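Visitor: Contents of data_6.csv (CSV, C-alpha atoms and all ligand atoms) are given next:
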chain,number,residue,atom,x,y,z
E,1,MET,CA,64.1,98.7,113.2
E,2,THR,CA,66.4,95.8,112.3
E,3,GLU,CA,70.2,95.9,112.6
E,4,PRO,CA,71.9,97.2,109.5
E,5,VAL,CA,74.0,94.6,107.6
E,6,VAL,CA,77.0,96.9,107.4
E,7,VAL,CA,78.2,99.8,109.4
E,8,ALA,CA,81.6,101.1,108.5
E,9,ARG,CA,83.4,104.0,110.1
E,10,GLY,CA,86.4,105.7,108.6
E,11,ILE,CA,87.4,102.6,106.8
E,12,THR,CA,90.7,103.2,104.9
E,13,ARG,CA,93.1,101.1,103.0
E,14,ARG,CA,96.5,102.1,101.8
E,15,PHE,CA,98.9,100.2,99.5
E,16,GLY,CA,102.3,101.8,100.0
E,17,PRO,CA,101.8,105.5,99.2
E,18,LYS,CA,98.5,104.9,97.4
E,19,THR,CA,95.3,105.4,99.4
E,20,ALA,CA,92.8,103.1,97.6
E,21,VAL,CA,89.9,103.7,100.1
E,22,ASP,CA,89.9,106.8,102.2
E,23,THR,CA,87.9,107.2,105.4
E,24,VAL,CA,84.6,105.8,104.1
E,25,ASP,CA,81.6,105.7,106.4
E,26,LEU,CA,78.7,103.4,105.4
E,27,ARG,CA,75.4,102.2,106.7
E,28,ILE,CA,73.7,99.5,104.7
E,29,GLU,CA,70.2,98.4,105.7
E,30,ARG,CA,69.0,94.9,105.6
E,31,GLY,CA,66.9,93.8,102.5
E,32,GLN,CA,68.5,96.4,100.2
E,33,ILE,CA,70.5,96.4,97.0
E,34,TYR,CA,73.3,98.8,97.8
E,35,GLY,CA,75.5,100.0,94.9
E,36,PHE,CA,79.1,101.3,94.9
E,37,LEU,CA,79.2,103.5,91.8
E,38,GLY,CA,82.6,104.6,90.6
E,39,PRO,CA,85.0,104.6,87.7
E,40,ASN,CA,88.0,102.2,87.4
E,41,GLY,CA,90.3,102.5,90.3
E,42,SER,CA,87.9,104.4,92.6
E,43,GLY,CA,88.3,101.8,95.3
E,44,LYS,CA,85.1,99.6,94.9
E,45,THR,CA,86.9,96.2,94.9
E,46,THR,CA,89.2,97.2,97.8
E,47,LEU,CA,86.2,98.4,99.8
E,48,MET,CA,84.3,95.2,99.1
E,49,ARG,CA,87.3,93.0,100.0
E,50,MET,CA,87.6,94.8,103.4
E,51,LEU,CA,83.9,94.3,104.1
E,52,THR,CA,84.2,90.6,103.3
E,53,GLY,CA,87.0,90.3,105.8
E,54,ILE,CA,89.5,89.2,103.1
E,55,LEU,CA,91.5,92.4,103.4
E,56,ARG,CA,92.5,94.2,106.5
E,57,PRO,CA,91.8,97.9,106.7
E,58,SER,CA,94.7,100.2,107.4
E,59,GLU,CA,92.4,102.3,109.6
E,60,GLY,CA,88.8,102.4,110.6
E,61,GLU,CA,86.4,99.5,111.4
E,62,ALA,CA,83.3,97.9,110.2
E,63,LEU,CA,80.5,95.8,111.6
E,64,VAL,CA,79.3,93.3,109.0
E,65,LEU,CA,76.4,91.0,110.0
E,66,GLY,CA,77.4,91.8,113.6
E,67,VAL,CA,81.0,90.6,113.0
E,68,ARG,CA,83.6,93.3,114.0
E,69,LEU,CA,86.3,93.9,111.4
E,70,PRO,CA,89.2,93.9,111.5
E,71,GLY,CA,89.0,90.8,113.6
E,72,ASN,CA,88.2,87.2,113.2
E,73,ALA,CA,86.3,87.1,110.0
E,74,GLU,CA,85.7,83.3,110.1
E,75,PRO,CA,82.0,83.6,111.3
E,76,LEU,CA,81.3,85.7,108.2
E,77,LYS,CA,82.3,83.0,105.7
E,78,GLN,CA,79.1,80.9,105.9
E,79,GLN,CA,76.9,84.0,105.9
E,80,ILE,CA,78.3,85.9,102.9
E,81,GLY,CA,78.6,85.2,99.2
E,82,TYR,CA,81.2,86.9,97.0
E,83,MET,CA,81.1,87.0,93.2
E,84,THR,CA,84.5,88.4,92.2
E,85,GLN,CA,85.1,90.6,89.1
E,86,THR,CA,87.0,87.9,87.2
E,87,PHE,CA,85.5,84.4,86.5
E,88,SER,CA,86.9,82.3,89.3
E,89,HIS,CA,85.6,78.8,88.4
E,90,TYR,CA,87.4,75.8,86.9
E,91,ARG,CA,87.2,76.1,83.1
E,92,ASP,CA,88.0,72.5,82.6
E,93,MET,CA,85.2,71.3,84.9
E,94,THR,CA,81.5,71.2,83.9
E,95,VAL,CA,78.9,73.5,85.4
E,96,LEU,CA,77.7,70.8,87.7
E,97,GLU,CA,81.2,69.8,88.8
E,98,ASN,CA,81.9,73.4,89.7
E,99,LEU,CA,78.8,73.7,91.7
E,100,ARG,CA,79.4,70.4,93.5
E,101,PHE,CA,82.9,71.6,94.3
E,102,CYS,CA,81.4,74.7,95.9
E,103,ALA,CA,78.8,72.7,97.7
E,104,ASP,CA,81.5,70.6,99.3
E,105,ILE,CA,83.4,73.7,100.4
E,106,TYR,CA,80.2,74.9,102.1
E,107,GLY,CA,79.7,71.5,103.7
E,108,LEU,CA,76.3,70.6,102.2
E,109,THR,CA,75.2,67.0,102.8
E,110,ALA,CA,74.8,64.8,99.7
E,111,ARG,CA,71.0,65.0,100.0
E,112,GLU,CA,70.9,68.8,100.4
E,113,ARG,CA,73.4,69.1,97.6
E,114,ARG,CA,71.4,67.2,95.0
E,115,ALA,CA,68.2,69.2,95.7
E,116,ARG,CA,70.0,72.5,95.9
E,117,LEU,CA,72.0,72.0,92.7
E,118,ASP,CA,68.9,71.0,90.8
E,119,GLU,CA,67.1,74.1,92.1
E,120,LEU,CA,70.1,76.4,91.2
E,121,LEU,CA,70.4,75.0,87.7
E,122,GLN,CA,66.8,75.7,87.1
E,123,ILE,CA,66.7,79.2,88.7
E,124,HIS,CA,69.8,80.3,86.9
E,125,ASP,CA,68.7,78.8,83.6
E,126,LEU,CA,71.7,76.4,83.4
E,127,THR,CA,70.0,73.0,83.2
E,128,GLU,CA,71.0,72.6,79.5
E,129,GLN,CA,74.6,73.5,80.3
E,130,ALA,CA,74.9,71.3,83.4
E,131,HIS,CA,77.4,69.0,81.6
E,132,GLN,CA,79.2,71.6,79.6
E,133,MET,CA,82.7,72.7,80.4
E,134,ALA,CA,82.7,76.1,82.2
E,135,GLY,CA,85.4,77.4,79.9
E,136,SER,CA,83.0,77.0,76.9
E,137,LEU,CA,80.1,79.0,78.4
E,138,SER,CA,79.0,82.3,76.9
E,139,GLY,CA,79.6,85.5,79.0
E,140,GLY,CA,76.0,85.5,80.2
E,141,GLN,CA,76.1,81.8,81.2
E,142,ARG,CA,79.4,82.2,83.0
E,143,GLN,CA,77.9,85.1,85.0
E,144,ARG,CA,74.8,82.9,85.9
E,145,LEU,CA,77.2,80.1,87.0
E,146,ALA,CA,79.1,82.6,89.1
E,147,LEU,CA,75.9,83.9,90.7
E,148,ALA,CA,74.6,80.4,91.3
E,149,ALA,CA,77.8,79.5,93.1
E,150,ALA,CA,77.8,82.6,95.2
E,151,VAL,CA,74.3,82.0,96.5
E,152,LEU,CA,74.6,78.2,96.9
E,153,HIS,CA,74.8,78.3,100.7
E,154,ARG,CA,71.9,80.9,100.9
E,155,PRO,CA,74.1,83.8,102.2
E,156,ARG,CA,72.4,86.6,104.1
E,157,LEU,CA,74.7,89.1,102.4
E,158,LEU,CA,75.9,88.9,98.9
E,159,PHE,CA,78.8,90.9,97.4
E,160,LEU,CA,78.9,91.3,93.6
E,161,ASP,CA,81.9,93.0,92.1
E,162,GLU,CA,81.0,94.5,88.6
E,163,PRO,CA,78.8,91.4,87.9
E,164,THR,CA,77.5,92.5,84.5
E,165,SER,CA,80.5,94.1,82.8
E,166,ALA,CA,80.8,91.2,80.3
E,167,VAL,CA,77.2,90.6,79.4
E,168,ASP,CA,74.7,92.0,77.0
E,169,PRO,CA,71.8,94.2,78.0
E,170,GLU,CA,69.2,91.4,78.0
E,171,SER,CA,71.3,89.2,80.2
E,172,ARG,CA,71.8,92.2,82.5
E,173,ARG,CA,68.1,92.8,82.8
E,174,ALA,CA,67.5,89.1,83.6
E,175,PHE,CA,70.4,89.2,86.1
E,176,TRP,CA,68.8,92.1,88.0
E,177,GLU,CA,65.5,90.4,88.2
E,178,GLN,CA,67.3,87.5,89.9
E,179,LEU,CA,68.8,90.0,92.4
E,180,PHE,CA,65.4,91.3,93.3
E,181,ASP,CA,64.2,87.7,93.8
E,182,LEU,CA,67.1,87.1,96.1
E,183,VAL,CA,66.2,90.2,98.1
E,184,ASP,CA,62.6,89.1,98.2
E,185,ASP,CA,63.9,85.8,99.8
E,186,GLY,CA,65.6,87.8,102.5
E,187,ALA,CA,69.1,88.5,101.2
E,188,SER,CA,70.9,91.9,101.2
E,189,ILE,CA,73.2,92.7,98.3
E,190,ILE,CA,76.2,95.0,97.8
E,191,VAL,CA,77.0,95.5,94.1
E,192,SER,CA,79.7,97.5,92.5
E,193,THR,CA,79.3,99.1,89.0
E,194,HIS,CA,80.4,101.8,86.7
E,195,PHE,CA,77.2,101.7,84.8
E,196,MET,CA,74.7,104.5,85.6
E,197,ASP,CA,71.7,102.5,84.5
E,198,GLU,CA,72.7,99.7,86.8
E,199,ALA,CA,73.3,102.0,89.7
E,200,GLU,CA,69.8,103.4,89.1
E,201,ARG,CA,68.3,100.0,89.8
E,202,CYS,CA,69.8,100.0,93.4
E,203,HIS,CA,67.8,101.0,96.4
E,204,ARG,CA,70.7,103.1,97.5
E,205,ILE,CA,74.1,103.9,96.2
E,206,ALA,CA,77.4,105.4,97.3
E,207,ILE,CA,79.4,107.4,94.7
E,208,LEU,CA,83.1,106.6,95.0
E,209,ASP,CA,85.8,108.6,93.4
E,210,HIS,CA,89.6,108.4,94.2
E,211,GLY,CA,88.7,106.2,97.2
E,212,ARG,CA,86.4,108.7,98.8
E,213,LYS,CA,82.6,108.5,99.2
E,214,ARG,CA,81.4,111.7,97.5
E,215,ALA,CA,77.6,111.2,98.0
E,216,ASP,CA,75.1,108.5,99.0
E,217,GLY,CA,71.4,107.9,99.1
E,218,PRO,CA,68.6,106.5,97.0
E,219,PRO,CA,69.1,107.4,93.3
E,220,PRO,CA,65.8,109.4,92.9
E,221,ARG,CA,66.7,111.5,95.9
E,222,LEU,CA,70.3,112.2,94.7
E,223,MET,CA,68.8,113.3,91.4
E,224,ARG,CA,66.2,115.5,93.0
E,225,ASP,CA,68.7,117.1,95.3
E,226,LEU,CA,71.4,117.7,92.7
E,227,ASP,CA,73.4,120.8,93.5
E,228,ALA,CA,73.2,122.0,89.8
E,229,ASN,CA,70.7,122.7,87.0
E,230,VAL,CA,70.9,120.7,83.8
E,231,VAL,CA,70.4,122.4,80.5
E,232,GLU,CA,70.1,120.6,77.2
E,233,VAL,CA,71.2,122.4,74.0
E,234,GLU,CA,70.0,121.5,70.5
E,235,GLY,CA,70.8,122.9,67.1
E,236,GLY,CA,73.8,124.8,65.7
E,237,ASN,CA,77.3,123.5,65.8
E,238,LEU,CA,77.4,121.7,69.1
E,239,ARG,CA,81.2,121.0,69.0
E,240,LEU,CA,81.9,124.7,68.6
E,241,PHE,CA,79.3,125.6,71.1
E,242,LYS,CA,80.8,123.2,73.6
E,243,ARG,CA,84.3,124.6,73.2
E,244,ASP,CA,82.8,128.1,73.7
E,245,LEU,CA,81.1,127.0,76.9
E,246,ASP,CA,83.8,125.0,78.6
E,247,GLY,CA,85.5,127.0,81.4
E,248,ARG,CA,83.0,129.8,81.4
E,249,PRO,CA,81.8,131.0,84.9
E,250,GLY,CA,78.9,129.0,86.1
E,251,ILE,CA,79.4,126.2,83.6
E,252,MET,CA,80.3,123.0,85.5
E,253,SER,CA,80.6,120.5,82.7
E,254,THR,CA,79.4,119.9,79.1
E,255,ALA,CA,79.0,116.6,77.3
E,256,GLN,CA,77.5,115.8,73.9
E,257,ILE,CA,74.8,113.1,73.9
E,258,GLY,CA,73.8,112.4,70.3
E,259,GLU,CA,72.3,115.6,68.9
E,260,ARG,CA,72.2,117.4,72.2
E,261,LEU,CA,74.7,119.0,74.5
E,262,ARG,CA,74.1,118.4,78.2
E,263,VAL,CA,75.3,121.2,80.3
E,264,LEU,CA,75.6,121.3,84.1
E,265,VAL,CA,75.1,124.8,85.5
E,266,GLU,CA,75.9,126.0,89.0
E,267,LYS,CA,72.8,126.2,91.2
E,268,SER,CA,73.4,129.9,92.0
E,269,ILE,CA,72.7,130.9,88.4
E,270,GLY,CA,69.2,132.4,88.3
E,271,ASP,CA,68.1,131.5,84.8
E,272,PRO,CA,70.3,128.6,83.7
E,273,ALA,CA,69.0,128.3,80.2
E,274,ALA,CA,69.5,132.0,79.5
E,275,HIS,CA,73.0,131.7,81.1
E,276,VAL,CA,74.0,128.9,78.7
E,277,ARG,CA,72.7,130.8,75.7
E,278,LYS,CA,74.6,133.9,76.7
E,279,ALA,CA,77.7,132.1,77.7
E,280,GLY,CA,78.1,130.6,74.2
E,281,LYS,CA,79.1,133.3,71.7
E,282,LEU,CA,77.9,131.1,68.9
E,283,ALA,CA,74.4,130.8,70.3
E,284,LEU,CA,72.6,131.5,67.1
E,285,ASN,CA,70.0,128.9,66.2
E,286,VAL,CA,70.4,126.9,69.5
E,287,ARG,CA,67.6,125.9,71.7
E,288,CYS,CA,68.3,125.7,75.5
E,289,GLU,CA,66.0,124.0,77.9
E,290,VAL,CA,66.2,123.0,81.6
E,291,VAL,CA,65.7,119.2,81.9
E,292,ARG,CA,65.5,116.7,84.7
E,293,PRO,CA,68.9,115.5,86.2
E,294,ASN,CA,70.0,111.9,85.7
E,295,LEU,CA,72.4,109.9,87.7
E,296,GLU,CA,75.3,110.8,85.5
E,297,ASP,CA,74.7,114.4,86.3
E,298,VAL,CA,74.8,113.5,90.0
E,299,PHE,CA,78.1,111.7,89.5
E,300,VAL,CA,79.7,114.5,87.6
E,301,SER,CA,78.5,117.1,90.1
E,302,ALA,CA,79.6,115.1,93.1
E,303,THR,CA,83.1,114.4,91.7
E,304,ARG,CA,83.6,117.9,90.4
E,305,ARG,CA,82.6,119.5,93.7
E,306,ALA,CA,85.2,117.4,95.4
E,307,VAL,CA,87.9,118.6,92.9
E,308,ARG,CA,86.9,122.2,93.5
E,309,GLU,CA,87.1,121.8,97.2
E,310,GLY,CA,90.5,120.3,96.8
E,311,ALA,CA,89.4,117.0,98.4
E,312,ALA,CA,90.6,114.7,95.5
E,401,LIG,N1,97.0,95.0,96.0
E,401,LIG,C1,97.2,96.2,95.6
E,401,LIG,N2,98.4,96.8,95.6
E,401,LIG,C2,98.6,98.1,95.1
E,401,LIG,N3,97.6,98.9,94.7
E,401,LIG,C3,96.4,98.4,94.7
E,401,LIG,C4,96.1,97.0,95.1
E,401,LIG,N4,94.7,96.8,95.0
E,401,LIG,C5,94.2,98.0,94.5
E,401,LIG,N5,95.2,98.9,94.3
E,401,LIG,C6,95.0,100.3,93.8
E,401,LIG,O1,94.0,100.9,94.6
E,401,LIG,C7,93.1,101.6,93.7
E,401,LIG,C8,91.7,101.2,93.8
E,401,LIG,O2,91.6,99.9,93.2
E,401,LIG,P1,90.3,99.0,93.2
E,401,LIG,O3,90.5,97.8,92.4
E,401,LIG,O4,89.7,98.9,94.6
E,401,LIG,O5,89.3,100.0,92.3
E,401,LIG,P2,88.0,99.6,91.6
E,401,LIG,O6,87.1,100.8,91.7
E,401,LIG,O7,87.5,98.3,92.0
E,401,LIG,O8,88.5,99.6,90.1
E,401,LIG,P3,88.1,98.6,88.9
E,401,LIG,O9,86.7,99.0,88.5
E,401,LIG,O10,89.1,98.9,87.8
E,401,LIG,O11,88.1,97.2,89.4
E,401,LIG,C9,93.7,101.5,92.3
E,401,LIG,O12,94.6,102.6,92.1
E,401,LIG,C10,94.5,100.2,92.4
E,401,LIG,O13,95.6,100.3,91.5
Take the structure in the file and write it out as structure tokens.
Guide:
Amino acid sequence: MTEPVVVARGITRRFGPKTAVDTVDLRIERGQIYGFLGPNGSGKTTLMRMLTGILRPSEGEALVLGVRLPGNAEPLKQQIGYMTQTFSHYRDMTVLENLRFCADIYGLTARERRARLDELLQIHDLTEQAHQMAGSLSGGQRQRLALAAAVLHRPRLLFLDEPTSAVDPESRRAFWEQLFDLVDDGASIIVSTHFMDEAERCHRIAILDHGRKRADGPPPRLMRDLDANVVEVEGGNLRLFKRDLDGRPGIMSTAQIGERLRVLVEKSIGDPAAHVRKAGKLALNVRCEVVRPNLEDVFVSATRRAVREGAA
């Protein structure tokens, strides 16, 4: 078996009294897209910054591409690419000028540079925008420029911090296809997101909440092993029914999705659909059915379990 690209043990970062990342263990295998899934403020950026060597952990350690952190992170710089959450290129320089600037930082020779920049413009569909100011690009084009710049030096490990939060679904799909092409070419990728559909595209994910890792694994396995049953309710007055269910024994959470109510029921309940029907006093005319869990159910269950156990 090949060496993992990241192994982290007990990695922690405090900012004054605030613990942004709390004793996180990770093992990320080569050739994978690994997602950090979590809401705003759950510690995704802080964890990424520690793994790139930019930010020193308060406690714990990590081995990233064989480089021990905390320690001298210099050898990592040529081997990793980092696409930050905010657009970090010069708005008053063209696409090509921005890419040339990055190529100089990475020390590409003039010959390498010309060939690589042509290739990147083509792969990332920016040829037409090559001489356009970066500040006038659309959200999707900016994101493609940011990715092109992050992979310019062919990094072995790529960090992408919420890369698609400002783009439309079509651009997001195209972006993910590019990520799988990069993996096919030998890269490993760590990506943070708060989108469930995006997390589902990852080979593996870690669910982060209040700086803690609540669960990890391949999304299909996390869904299969969900520690709850999911019941969908249709018909009747769903708002009333929801109010009726909330807080009842065995009911972990309720959320309305269009014309249905999605209810998480504790695993210990024998007949979850009947339990939901009985738990709601206004159960006339409703249809309750056990359905397959999705990643949002996993997220809700993992974070609620932590609250119940007093770990938050
Ligand atoms: N430099 C800092 N000084 C003080 N607190 C910080 C600093 N950086 C992060 N934090 C705090 O640490 C917590 C985690 O922040 P972080 O940016 O890592 O979360 P995130 O999951 O990336 O969130 P988002 O999706 O909003 O970017 C937040 O409460 C944040 O306010």
Visitor: How far is it from atom CA of E:Ala206 to atom CA of E:Phe36, in Å with one decimal?
Guide: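 We find that atom CA of E:Ala206 and atom CA of E:Phe36 lie 5.0 Å from each other.
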Visitor: Enumerate as an MDAnalysis selection string the residues within 10 Å of ligand LIG 401 (chain E), counting only C-alpha atoms and all ligand atoms.
Guide: chainID E and resid 13:21 36:50 55 84:86 161:162 165 192:194 208:211
Visitor: Hey, can you check how far atom CA of E:Gln256 sits from atom CA of E:Ser268?
Guide: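 Between atom CA of E:Gln256 and atom CA of E:Ser268 the gap is 23.3 Å.
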Visitor: Taking all atoms listed in the file into account, which of E:Gly71, E:Pro4, E:Gly235, E:Pro219 comes nearest E:Glu289?
Guide: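 Ranking E:Gly71, E:Pro4, E:Gly235, E:Pro219 by distance to E:Glu289, first place goes to E:Gly235.
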Visitor: Out of E:His153, E:Arg9, E:Arg100, E:Arg27, which residue has the shortest atom-to-atom distance to E:Ile80 when counting all atoms listed in the file?
Guide: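 Of E:His153, E:Arg9, E:Arg100, E:Arg27, the one nearest E:Ile80 is E:His153, counting all atoms listed in the file.
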Visitor: Distance atom CA of E:Ala273-atom CA of E:Leu226, one decimal place?
Guide: 16.6 Å
Visitor: Considering only C-alpha atoms, return as a list in words whatever protein or nucleic-acid residues lie within 7 Å of E:Val24, sequence-local ones (same chain, fewer than 4 positions apart) excluded.
Guide: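 Once the adjacent positions are removed, what remains is Arg9, Gly10, Ile11, Thr12, Arg212 and Lys213 of chain E.
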Visitor: Using only C-alpha atoms, please write the residues we just selected to a file, as a PDB file, in the coordinates of the input.
Guide:
ATOM      1  CA  ARG E   9      83.400 104.000 110.100  1.00  0.00           C
ATOM      2  CA  GLY E  10      86.400 105.700 108.600  1.00  0.00           C
ATOM      3  CA  ILE E  11      87.400 102.600 106.800  1.00  0.00           C
ATOM      4  CA  THR E  12      90.700 103.200 104.900  1.00  0.00           C
ATOM      5  CA  ARG E 212      86.400 108.700  98.800  1.00  0.00           C
ATOM      6  CA  LYS E 213      82.600 108.500  99.200  1.00  0.00           C
TER       7      LYS E 213
END
Visitor: Taking all atoms listed in the file into account, which of E:Gln78, E:Val5, E:Met252, E:Gly66 comes nearest E:Ile105?
Guide: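 When distances to E:Ile105 are compared using all atoms listed in the file, the smallest one comes from E:Gln78.
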Visitor: So which one's closest to E:Leu126, E:Thr52, E:Thr94, E:Ser58, E:Thr109? Using only C-alpha atoms, please.
Guide: E:Thr94
Visitor: Within 12 Å of (72.0, 70.8, 96.4), only C-alpha atoms: residues as a VMD selection string?
Guide: chain E and resid 96 to 97 99 to 104 106 to 122 148 to 149 151 to 154
